[in-house]
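Dumped protein-v8.cif below, it's mmCIF, C-alpha atoms and all ligand atoms:
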```cif
data_my_file
#
loop_
_atom_site.label_atom_id
_atom_site.label_comp_id
_atom_site.auth_asym_id
_atom_site.auth_seq_id
_atom_site.Cartn_x
_atom_site.Cartn_y
_atom_site.Cartn_z
CA MET A 178 14.78 5.30 23.83
CA GLN A 179 13.00 2.52 21.93
CA TRP A 180 10.38 0.34 23.61
CA HIS A 181 8.41 -2.76 22.65
CA LYS A 182 4.71 -2.20 23.24
CA VAL A 183 2.85 -5.48 23.93
CA THR A 184 -0.95 -5.54 23.95
CA VAL A 185 -2.95 -8.64 24.90
CA GLU A 186 -6.60 -8.75 23.81
CA THR A 187 -8.56 -10.52 26.54
CA THR A 188 -11.72 -10.56 28.67
CA THR A 189 -12.71 -8.66 31.82
CA ALA A 190 -12.35 -11.80 33.95
CA ALA A 191 -8.78 -12.37 32.80
CA VAL A 192 -7.47 -8.78 33.11
CA SER A 193 -5.83 -9.48 36.46
CA ALA A 194 -4.21 -12.71 35.20
CA VAL A 195 -2.92 -11.05 32.02
CA SER A 196 -1.59 -8.07 34.03
CA GLU A 197 0.30 -10.49 36.23
CA ILE A 198 1.74 -12.31 33.18
CA LEU A 199 2.95 -9.03 31.64
CA THR A 200 4.38 -7.76 34.93
CA THR A 201 6.14 -11.03 35.70
CA ALA A 202 7.72 -10.86 32.21
CA GLY A 203 9.45 -7.64 33.28
CA ALA A 204 7.05 -4.75 32.57
CA THR A 205 7.24 -1.95 35.09
CA GLY A 206 3.52 -1.25 34.76
CA VAL A 207 0.43 -2.10 32.71
CA GLU A 208 -2.37 -0.11 31.11
CA VAL A 209 -5.83 -1.68 31.13
CA MET A 210 -8.70 -0.81 28.79
CA ASP A 211 -11.79 -2.70 29.90
CA ALA A 212 -15.38 -2.47 28.64
CA ALA A 213 -16.46 -3.24 32.22
CA ASP A 214 -14.82 -0.07 33.54
CA PRO A 215 -17.35 2.58 34.43
CA THR A 216 -17.80 5.24 31.80
CA HIS A 217 -16.83 8.74 32.82
CA VAL A 218 -20.51 9.59 33.30
CA GLU A 219 -21.08 6.77 35.82
CA ALA A 220 -17.78 7.39 37.54
CA ARG A 221 -18.16 10.95 38.75
CA THR A 222 -17.68 10.38 42.48
CA PRO A 223 -15.45 12.24 44.95
CA ASP A 224 -13.22 9.13 45.13
CA GLU A 225 -12.32 9.06 41.44
CA VAL A 226 -8.72 8.21 40.83
CA PHE A 227 -8.64 9.15 37.15
CA ASP A 228 -9.91 12.01 35.11
CA TRP A 229 -12.14 9.67 33.08
CA SER A 230 -13.01 12.25 30.47
CA THR A 231 -9.44 11.97 29.14
CA ILE A 232 -9.59 8.18 28.74
CA PRO A 233 -11.41 6.55 25.79
CA HIS A 234 -13.96 3.91 26.82
CA ARG A 235 -13.77 0.45 25.23
CA GLU A 236 -16.99 -1.14 23.88
CA ASN A 237 -16.15 -4.88 24.20
CA GLY A 238 -13.74 -7.13 26.10
CA ALA A 239 -10.49 -5.79 27.48
CA ALA A 240 -6.92 -5.14 26.45
CA VAL A 241 -3.83 -5.00 28.65
CA THR A 242 -0.72 -3.16 27.39
CA ALA A 243 2.82 -3.19 28.74
CA TYR A 244 6.16 -1.78 27.62
CA TYR A 245 9.55 -3.51 27.55
CA ALA A 246 12.98 -2.06 26.91
CA VAL A 247 14.47 -3.11 23.55
CA THR A 248 17.00 -5.76 24.58
CA ALA A 249 18.27 -9.05 23.19
CA ASP A 250 16.07 -10.74 25.77
CA PHE A 251 12.78 -9.46 24.34
CA SER A 252 12.04 -12.43 22.04
CA ARG A 253 12.39 -14.77 25.03
CA GLN A 254 10.11 -12.50 27.13
CA LEU A 255 7.55 -12.40 24.31
CA ALA A 256 7.60 -16.19 23.84
CA GLU A 257 6.98 -16.62 27.58
CA ILE A 258 4.10 -14.08 27.48
CA GLN A 259 2.51 -15.90 24.53
CA ARG A 260 2.94 -19.29 26.19
CA ARG A 261 1.31 -18.10 29.44
CA VAL A 262 -1.53 -16.25 27.66
CA GLN A 263 -2.31 -19.37 25.63
CA ALA A 264 -2.42 -21.38 28.89
CA LEU A 265 -5.18 -19.17 30.38
CA PRO A 266 -8.07 -21.38 29.13
CA ALA A 267 -6.46 -24.39 30.83
CA ALA A 268 -6.24 -22.33 34.06
CA GLY A 269 -10.01 -21.94 34.06
CA PHE A 270 -10.53 -18.81 31.96
CA THR A 271 -12.69 -18.92 28.84
CA ARG A 272 -10.97 -19.37 25.49
CA ALA A 273 -11.75 -15.72 24.71
CA ALA A 274 -9.32 -14.71 27.48
CA ALA A 275 -6.38 -15.84 25.35
CA GLY A 276 -6.82 -13.28 22.60
CA PRO A 277 -4.12 -12.19 20.17
CA VAL A 278 -0.90 -10.62 21.42
CA HIS A 279 0.09 -7.52 19.38
CA THR A 280 3.55 -5.99 19.47
CA ALA A 281 4.94 -2.72 18.15
CA GLN A 282 8.24 -0.91 18.57
CA ILE A 283 7.80 2.68 19.73
CA GLN A 284 9.88 5.70 20.62
CA ASP A 285 9.79 6.78 24.25
CA GLU A 286 7.16 9.49 24.48
CA ASP A 287 7.39 9.77 28.20
CA TRP A 288 4.82 7.00 28.53
CA SER A 289 6.50 6.01 31.76
CA THR A 290 5.56 9.26 33.46
CA ASN A 291 2.63 10.53 31.34
CA TRP A 292 0.16 8.44 33.32
CA ARG A 293 1.00 10.35 36.48
CA GLN A 294 -1.22 13.24 35.47
CA TYR A 295 -4.30 10.96 35.61
CA TYR A 296 -3.80 9.86 39.19
CA ARG A 297 -5.47 11.50 42.14
CA PRO A 298 -5.72 10.36 45.78
CA VAL A 299 -8.30 7.60 46.19
CA GLN A 300 -10.16 6.77 49.39
CA VAL A 301 -9.93 2.96 49.48
CA THR A 302 -11.65 2.28 52.80
CA ARG A 303 -13.47 4.47 55.31
CA TRP A 304 -10.23 5.34 57.11
CA LEU A 305 -7.61 4.93 54.39
CA THR A 306 -6.65 7.05 51.39
CA VAL A 307 -3.93 6.17 48.89
CA VAL A 308 -2.02 9.27 47.81
CA PRO A 309 0.43 9.15 44.88
CA ALA A 310 3.99 9.70 46.06
CA TRP A 311 4.31 13.04 44.22
CA SER A 312 0.91 14.49 45.21
CA GLU A 313 0.33 17.22 47.79
CA ASP A 314 -3.42 16.59 47.70
CA LEU A 315 -4.09 15.20 51.22
CA PRO A 316 -7.47 14.28 52.77
CA ASP A 317 -9.13 17.03 54.85
CA ASP A 318 -10.15 14.65 57.66
CA ASP A 319 -7.07 14.03 59.80
CA ARG A 320 -8.55 10.79 61.16
CA VAL A 321 -8.04 9.27 57.69
CA GLN A 322 -4.75 7.40 57.36
CA VAL A 323 -2.63 8.15 54.30
CA ILE A 324 -0.65 5.55 52.36
CA ARG A 325 1.94 6.97 50.00
CA MET A 326 2.39 4.80 46.91
CA ASP A 327 4.17 5.05 43.58
CA PRO A 328 1.45 3.69 41.29
CA GLY A 329 2.16 2.01 37.99
CA GLU A 330 5.15 0.06 39.26
CA ALA A 331 3.52 -3.22 40.34
CA PHE A 332 0.05 -4.59 40.87
CA GLY A 333 -1.73 -3.27 43.92
CA THR A 334 -1.79 0.47 44.35
CA GLY A 335 -5.28 0.50 45.73
CA THR A 336 -7.37 0.97 42.62
CA HIS A 337 -8.19 -2.66 41.83
CA PRO A 338 -11.36 -4.07 43.46
CA THR A 339 -9.46 -7.09 44.84
CA THR A 340 -6.98 -4.83 46.64
CA GLN A 341 -9.80 -2.66 48.00
CA LEU A 342 -11.66 -5.72 49.32
CA SER A 343 -8.48 -6.94 51.05
CA LEU A 344 -7.98 -3.50 52.62
CA GLN A 345 -11.60 -3.37 53.80
CA LEU A 346 -11.32 -6.79 55.46
CA LEU A 347 -8.03 -5.79 57.11
CA GLU A 348 -9.65 -2.61 58.44
CA ILE A 349 -12.58 -4.59 59.87
CA LEU A 350 -10.71 -7.58 61.28
CA LEU A 351 -7.17 -6.57 62.27
CA ARG A 352 -6.73 -6.01 66.01
CA PRO A 353 -3.94 -3.77 67.40
CA GLY A 354 -0.73 -5.76 67.80
CA ASP A 355 -1.75 -8.59 65.47
CA ASP A 356 1.17 -10.16 63.63
CA VAL A 357 0.54 -10.39 59.87
CA ILE A 358 1.87 -12.40 56.91
CA ASP A 359 1.05 -10.82 53.51
CA VAL A 360 1.47 -13.50 50.82
CA GLY A 361 2.07 -12.00 47.35
CA THR A 362 2.61 -8.45 48.57
CA GLY A 363 3.00 -6.90 45.08
CA ALA A 364 3.57 -3.18 45.64
CA GLY A 365 3.32 -3.73 49.41
CA ILE A 366 0.01 -1.95 49.96
CA LEU A 367 -1.64 -4.54 52.24
CA SER A 368 1.41 -4.75 54.52
CA ILE A 369 1.69 -0.96 54.74
CA ALA A 370 -2.05 -0.68 55.49
CA ALA A 371 -1.77 -3.37 58.17
CA LYS A 372 0.96 -1.33 59.87
CA LEU A 373 -1.19 1.84 59.73
CA PHE A 374 -4.10 -0.15 61.22
CA GLY A 375 -1.85 -1.05 64.20
CA ALA A 376 -0.35 -4.44 63.29
CA GLY A 377 2.63 -5.79 65.24
CA ASP A 378 5.16 -7.75 63.17
CA VAL A 379 4.44 -7.75 59.42
CA LEU A 380 6.11 -10.15 56.99
CA ALA A 381 5.54 -9.41 53.28
CA THR A 382 6.44 -12.13 50.75
CA ASP A 383 6.38 -12.42 46.98
CA VAL A 384 7.61 -14.91 44.42
CA ASP A 385 8.57 -12.02 42.10
CA ASP A 386 11.80 -10.16 42.93
CA GLN A 387 10.65 -7.10 40.98
CA ALA A 388 7.53 -6.86 43.18
CA LEU A 389 9.71 -7.03 46.30
CA LYS A 390 11.85 -4.14 44.99
CA VAL A 391 8.72 -2.04 44.39
CA ALA A 392 7.36 -2.98 47.83
CA ARG A 393 10.67 -1.93 49.41
CA ARG A 394 10.43 1.48 47.69
CA ASN A 395 6.83 2.00 48.79
CA ILE A 396 7.63 0.99 52.36
CA LYS A 397 10.31 3.72 52.39
CA LEU A 398 7.62 6.25 51.42
CA ASN A 399 5.67 5.33 54.59
CA PRO A 400 7.86 5.82 57.69
CA ARG A 401 5.30 4.22 60.03
CA ALA A 402 5.68 0.99 58.05
CA SER A 403 9.47 0.99 57.94
CA ASP A 404 9.92 -2.21 59.96
CA ILE A 405 7.96 -4.46 57.55
CA ARG A 406 10.08 -7.54 56.78
CA LEU A 407 10.34 -8.66 53.14
CA GLN A 408 11.07 -12.22 52.03
CA PRO A 409 11.12 -13.87 48.60
CA ALA A 410 8.93 -16.97 48.89
CA ASP A 411 6.67 -19.21 46.86
CA LEU A 412 3.45 -19.10 48.90
CA LEU A 413 4.35 -20.15 52.50
CA THR A 414 7.07 -22.61 51.53
CA ASN A 415 10.19 -21.75 53.57
CA VAL A 416 8.28 -19.10 55.56
CA GLN A 417 8.94 -19.56 59.28
CA GLY A 418 6.61 -18.74 62.15
CA THR A 419 2.95 -18.06 62.73
CA ALA A 420 0.68 -15.01 62.51
CA ASP A 421 -2.67 -13.76 63.76
CA VAL A 422 -3.68 -12.63 60.28
CA ILE A 423 -2.59 -14.09 56.92
CA VAL A 424 -3.72 -12.12 53.87
CA ALA A 425 -3.36 -13.12 50.21
CA ASN A 426 -4.80 -11.37 47.17
CA ILE A 427 -3.86 -13.73 44.34
CA LEU A 428 -5.78 -15.61 41.68
CA THR A 429 -7.75 -18.69 42.71
CA GLU A 430 -5.32 -20.98 40.88
CA VAL A 431 -2.60 -19.76 43.27
CA LEU A 432 -4.82 -19.54 46.38
CA LEU A 433 -5.78 -23.23 46.08
CA PRO A 434 -2.27 -24.60 46.80
CA LEU A 435 -1.84 -21.92 49.50
CA ILE A 436 -4.91 -22.99 51.51
CA PRO A 437 -3.52 -26.33 52.82
CA GLN A 438 -0.37 -24.45 53.98
CA LEU A 439 -2.37 -21.97 56.09
CA PRO A 440 -3.18 -23.93 59.28
CA ALA A 441 0.52 -24.50 60.08
CA HIS A 442 1.13 -20.73 60.01
CA LEU A 443 -2.08 -19.49 61.64
CA ARG A 444 -2.36 -18.98 65.41
CA PRO A 445 -5.43 -20.29 67.25
CA HIS A 446 -8.32 -17.83 66.64
CA GLY A 447 -6.29 -16.32 63.78
CA THR A 448 -7.90 -15.01 60.60
CA VAL A 449 -7.17 -15.70 56.95
CA ILE A 450 -8.15 -13.05 54.37
CA LEU A 451 -8.28 -14.28 50.76
CA ALA A 452 -9.06 -12.03 47.78
CA GLY A 453 -8.64 -12.21 44.02
CA ILE A 454 -11.55 -14.66 43.81
CA TYR A 455 -13.66 -14.24 40.68
CA ARG A 456 -17.36 -14.92 41.36
CA ASP A 457 -17.44 -18.36 39.68
CA LYS A 458 -14.57 -19.53 41.93
CA ILE A 459 -16.01 -18.66 45.34
CA GLU A 460 -17.49 -22.13 45.91
CA THR A 461 -14.18 -23.80 45.04
CA ILE A 462 -12.37 -21.59 47.57
CA THR A 463 -14.97 -22.16 50.32
CA LYS A 464 -14.72 -25.95 49.84
CA ALA A 465 -10.91 -25.85 49.89
CA LEU A 466 -11.01 -23.81 53.13
CA ALA A 467 -13.43 -26.31 54.69
CA ALA A 468 -11.15 -29.20 53.66
CA ALA A 469 -8.30 -27.42 55.48
CA GLY A 470 -10.45 -27.05 58.64
CA MET A 471 -11.44 -23.40 58.15
CA THR A 472 -14.84 -21.73 58.05
CA VAL A 473 -15.72 -18.56 56.15
CA THR A 474 -16.84 -15.88 58.64
CA LEU A 475 -17.21 -12.85 56.38
CA THR A 476 -17.58 -12.33 52.62
CA LEU A 477 -17.30 -9.01 50.76
CA THR A 478 -17.94 -8.42 47.07
CA ASN A 479 -17.05 -5.63 44.65
CA THR A 480 -18.20 -5.92 41.02
CA GLU A 481 -17.43 -9.55 40.03
CA TRP A 482 -14.81 -10.05 42.74
CA TYR A 483 -15.13 -11.79 46.12
CA ALA A 484 -12.96 -11.67 49.22
CA VAL A 485 -13.43 -13.91 52.24
CA ALA A 486 -12.27 -14.01 55.83
CA ALA A 487 -12.00 -17.45 57.45
CA GLN A 488 -11.06 -18.89 60.82
CA GLN A 489 -9.95 -22.34 61.96
CA GLU A 490 -12.78 -24.52 63.21
CA SER A 491 -12.31 -25.15 66.95
CA ARG A 492 -10.85 -28.59 67.58
C1 LIG A 501 -2.88 -9.68 42.43
S1 LIG A 501 -1.28 -9.24 43.00
C2 LIG A 501 -1.66 -8.62 44.65
C3 LIG A 501 -0.75 -7.54 45.14
C4 LIG A 501 -1.16 -6.90 46.48
N1 LIG A 501 -1.10 -7.87 47.57
C5 LIG A 501 -2.57 -6.33 46.43
O1 LIG A 501 -3.43 -6.78 47.14
O2 LIG A 501 -2.81 -5.39 45.66
C6 LIG A 501 -0.64 -10.86 43.33
C7 LIG A 501 0.80 -10.90 43.77
O3 LIG A 501 1.07 -12.25 44.13
C8 LIG A 501 2.35 -12.61 43.69
N2 LIG A 501 2.38 -14.08 43.53
C9 LIG A 501 1.91 -14.82 42.50
N3 LIG A 501 2.15 -16.14 42.73
C10 LIG A 501 2.78 -16.22 43.93
C11 LIG A 501 3.31 -17.30 44.71
N4 LIG A 501 3.21 -18.56 44.29
N5 LIG A 501 3.89 -17.02 45.90
C12 LIG A 501 4.00 -15.72 46.33
N6 LIG A 501 3.54 -14.66 45.62
C13 LIG A 501 2.94 -14.90 44.45
C14 LIG A 501 2.52 -11.84 42.38
O4 LIG A 501 3.90 -11.69 42.07
C15 LIG A 501 1.81 -10.53 42.70
O5 LIG A 501 2.72 -9.59 43.23
#
```
Can you dump the structure from the file as structure tokens?
Ligand SMILES: C[S@@+](CC[C@H](N)C(=O)[O-])C[C@H]1O[C@@H](n2cnc3c(N)ncnc32)[C@H](O)[C@@H]1O
Amino acid sequence: MQWHKVTVETTTAAVSAVSEILTTAGATGVEVMDAADPTHVEARTPDEVFDWSTIPHRENGAAVTAYYAVTADFSRQLAEIQRRVQALPAAGFTRAAAGPVHTAQIQDEDWSTNWRQYYRPVQVTRWLTVVPAWSEDLPDDDRVQVIRMDPGEAFGTGTHPTTQLSLQLLEILLRPGDDVIDVGTGAGILSIAAKLFGAGDVLATDVDDQALKVARRNIKLNPRASDIRLQPADLLTNVQGTADVIVANILTEVLLPLIPQLPAHLRPHGTVILAGIYRDKIETITKALAAAGMTVTLTLTNTEWYAVAAQQESR
């Protein structure tokens, strides 16, 4: 089968945004080469997800690659990718983030399954390990919860710092029986983790139908999370009801319009967990939370990324 290979030259800060653009345009997965990734020498820890020695290390900037089936629709998909990449500087990224978009037509060389050999289980929090769906390699400690995921299908299989920060805050803050809304669920990992941590009702939403399909598949891989509800939704618009915990790992540009919607969906003493915040955006998010009557109670960082937990100020 023939595929279009699309590579966007960009910067470390914009990798997540570019990955989202390529995924939203219909890619089933993205490959990231980033100079900020640890080299294989720095990365030799028991938690490694990749065999780094097999992956070349990039010297500058970053590149995100995705593959699209050869269809009549491709020129429209490519135009949309180029339009959205060019809009990155206006969304607050540096001009360098909107680098050239390269395309090539390639023969299927099993790229869609080749990456599987690089994946290993990864311990994402103290009590949570993400295990690829096909792996028999389970943690030795039976107190550690296991999430089964099919990586490479949608953003959020546990390896990105923003997902790990969200999982860590859920592990710290979620109380048994808490009802949860997961805004922008992607591959469903935060909702599944919430269930394993003892959540009550969990509603997972996403604006992208493809993400919801992937989330549905991953939920099926985790029987203890089988009653997660899925709903297509743009942020909290048309989402009914309230929750004890609302979690969202999305870029700041998307979190900002979400924040004013939160109080109407958050129970008294409820907690909001926001991740996907690049370090130069943390002040903007804190101010927006304050304007919506919420105070940051806990902040975690991982590389350049921040995640915050916030609660409503008592009235
Ligand atoms: C960075 S991914 C996070 C995925 C997963 N929650 C995680 O933590 O790994 C962001 C997700 O938000 C979704 N998203 C983007 N804009 C949205 C919106 N306006 N409303 C709902 N979901 C949105 C994207 O489709 C994507 O699946």
Given only C-alpha atoms and all ligand atoms, how would the per-residue table for chain A near ligand LIG 501 (chain A) read, listing every residue at most 7 Å away with its closest atom pair and distance in Å to one decimal, sorted by chain and number, as a Markdown table?
```
| residue | atom | partner | partner_atom | distance |
| --- | --- | --- | --- | --- |
| A:Ser193 | CA | A:LIG501 | C1 | 6.7 |
| A:Glu197 | CA | A:LIG501 | C15 | 6.6 |
| A:Thr201 | CA | A:LIG501 | O4 | 6.8 |
| A:Phe332 | CA | A:LIG501 | C3 | 5.3 |
| A:Gly333 | CA | A:LIG501 | O2 | 2.9 |
| A:Thr334 | CA | A:LIG501 | O2 | 6.1 |
| A:Gly335 | CA | A:LIG501 | O2 | 6.4 |
| A:Thr339 | CA | A:LIG501 | O1 | 6.5 |
| A:Thr340 | CA | A:LIG501 | O1 | 4.1 |
| A:Ser343 | CA | A:LIG501 | O1 | 6.4 |
| A:Asp359 | CA | A:LIG501 | N1 | 7.0 |
| A:Val360 | CA | A:LIG501 | C12 | 5.6 |
| A:Gly361 | CA | A:LIG501 | O3 | 3.4 |
| A:Thr362 | CA | A:LIG501 | N1 | 3.9 |
| A:Gly363 | CA | A:LIG501 | O5 | 3.3 |
| A:Ala364 | CA | A:LIG501 | C4 | 6.1 |
| A:Gly365 | CA | A:LIG501 | C4 | 6.2 |
| A:Ile366 | CA | A:LIG501 | C4 | 6.2 |
| A:Leu367 | CA | A:LIG501 | N1 | 5.8 |
| A:Thr382 | CA | A:LIG501 | C12 | 6.2 |
| A:Asp383 | CA | A:LIG501 | N6 | 3.9 |
| A:Val384 | CA | A:LIG501 | C12 | 4.2 |
| A:Asp385 | CA | A:LIG501 | O4 | 4.7 |
| A:Ala388 | CA | A:LIG501 | O5 | 5.5 |
| A:Ala410 | CA | A:LIG501 | C12 | 5.7 |
| A:Asp411 | CA | A:LIG501 | N5 | 3.7 |
| A:Leu412 | CA | A:LIG501 | N5 | 3.7 |
| A:Ala425 | CA | A:LIG501 | N1 | 6.3 |
| A:Asn426 | CA | A:LIG501 | O1 | 4.8 |
| A:Ile427 | CA | A:LIG501 | C6 | 4.4 |
| A:Leu428 | CA | A:LIG501 | C1 | 6.6 |
| A:Val431 | CA | A:LIG501 | N3 | 6.0 |
| A:Gly453 | CA | A:LIG501 | C1 | 6.5 |
```
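Remark: for A:Val416, the closest of the candidate residues A:Met326, A:Ile450, A:Ile358, A:Ala264 is A:Ile358 (distances computed over all atoms listed in the file).
The two atoms in question, atom CA of A:Pro434 and atom CA of A:Glu186, are spaced 28.3 Å apart.
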Need the axis-aligned box for stretch 362-367 of chain A with 3 Å each side, so what are the centre and edges in Å to one decimal, as JSON?
```
{"center_x": 1.0, "center_y": -5.2, "center_z": 48.7, "size_x": 11.2, "size_y": 12.5, "size_z": 13.2}
```
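Proximity of A:Pro309, A:Pro316, A:Gly375, A:Pro400 to A:Arg352, computed with all atoms listed in the file, is greatest for A:Gly375.
What separates atom CA of A:Arg393 from atom CA of A:His442 is a distance of 23.6 Å.
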A:Gly418 environment, 12 Å, all atoms listed in the file, sequence neighbours closer than 6 positions dropped, as a list in words | Asp356, Val357, Ile358, Asp378, Val379, Leu380, Leu439, Pro440, Ala441, His442, Leu443 and Arg444 of chain A
Take the residues from that selection and put them in a file with C-alpha atoms, as a PDB file, in the coordinates of the input.
```pdb
ATOM      1  CA  ASP A 356       1.170 -10.160  63.630  1.00  0.00           C
ATOM      2  CA  VAL A 357       0.540 -10.390  59.870  1.00  0.00           C
ATOM      3  CA  ILE A 358       1.870 -12.400  56.910  1.00  0.00           C
ATOM      4  CA  ASP A 378       5.160  -7.750  63.170  1.00  0.00           C
ATOM      5  CA  VAL A 379       4.440  -7.750  59.420  1.00  0.00           C
ATOM      6  CA  LEU A 380       6.110 -10.150  56.990  1.00  0.00           C
ATOM      7  CA  LEU A 439      -2.370 -21.970  56.090  1.00  0.00           C
ATOM      8  CA  PRO A 440      -3.180 -23.930  59.280  1.00  0.00           C
ATOM      9  CA  ALA A 441       0.520 -24.500  60.080  1.00  0.00           C
ATOM     10  CA  HIS A 442       1.130 -20.730  60.010  1.00  0.00           C
ATOM     11  CA  LEU A 443      -2.080 -19.490  61.640  1.00  0.00           C
ATOM     12  CA  ARG A 444      -2.360 -18.980  65.410  1.00  0.00           C
TER      13      ARG A 444
END
```
Restricting to all atoms listed in the file, whichever of A:Ala420, A:Leu315, A:Glu430, A:Leu373 is closest to A:Asp404 is A:Leu373
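Picture a line from atom CA of A:Thr302 to atom CA of A:Ala371; it runs 12.6 Å.
With only C-alpha atoms as the atoms that count, the minimum distance from A:Gly269 to the choices A:Glu348, A:Asp457, A:Asp214, A:Glu208 is reached by A:Asp457.
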Taking the point (0.3, -5.7, 68.7) as given in the file, collect each protein or nucleic acid residue that comes within 7 Å of it, counting only C-alpha atoms, and present the set as a PyMOL selection string.
-> chain A and resi 353-356+375-377
Using the selection just defined, write its residues with C-alpha atoms as a PDB file, in the coordinates of the input.
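The resulting file, selection.pdb, is reproduced below:
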```
ATOM      1  CA  PRO A 353      -3.940  -3.770  67.400  1.00  0.00           C
ATOM      2  CA  GLY A 354      -0.730  -5.760  67.800  1.00  0.00           C
ATOM      3  CA  ASP A 355      -1.750  -8.590  65.470  1.00  0.00           C
ATOM      4  CA  ASP A 356       1.170 -10.160  63.630  1.00  0.00           C
ATOM      5  CA  GLY A 375      -1.850  -1.050  64.200  1.00  0.00           C
ATOM      6  CA  ALA A 376      -0.350  -4.440  63.290  1.00  0.00           C
ATOM      7  CA  GLY A 377       2.630  -5.790  65.240  1.00  0.00           C
TER       8      GLY A 377
END
```
Q. Leaving out A:Arg272 and any residue of its chain fewer than 6 positions from it, which residues lie within 12 Å of it when counting only C-alpha atoms, given as a ChimeraX atom specification?
A. /A:186-188,190-191,262-266
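Across A:Ile462, A:Ala381, A:Leu350, A:Pro437, the tightest approach to A:Asp421 is made by A:Leu350 when counting only C-alpha atoms.
Ranking A:Val207, A:Val185, A:Ile423, A:Leu466 by their shortest atom-to-atom distance to A:Leu351, with only C-alpha atoms included, puts A:Ile423 first.
Neighbouring residues of A:Val449 at 7 Å or closer, counting only C-alpha atoms and skipping chain neighbours under 6 positions away, are Val422, Ile423, Val424, Ala486, Ala487 and Gln488 of chain A.
Contact shell of A:Gln282 at 9 Å (all atoms listed in the file; same-chain neighbours under 6 positions omitted): Gln179, Trp180, His181, Lys182, Val183 and Val247 of chain A.
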Produce a table with one row for each residue of stretch 316-406 of chain A that has an atom at most 9 Å from any atom of stretch 469-485 of chain A, each row naming the nearest atom pair and its distance in Å at one decimal; use all atoms listed in the file; arrange rows by chain and rising residue number; format as CSV.
```
residue,atom,partner,partner_atom,distance
A:Pro338,CA,A:Asn479,CA,6.0
A:Thr339,CA,A:Trp482,CA,6.5
A:Gln341,CA,A:Asn479,CA,8.5
A:Leu342,CA,A:Ala484,CA,6.1
A:Ser343,CA,A:Ala484,CA,6.8
A:Gln345,CA,A:Leu477,CA,8.6
A:Leu346,CA,A:Leu477,CA,7.9
```
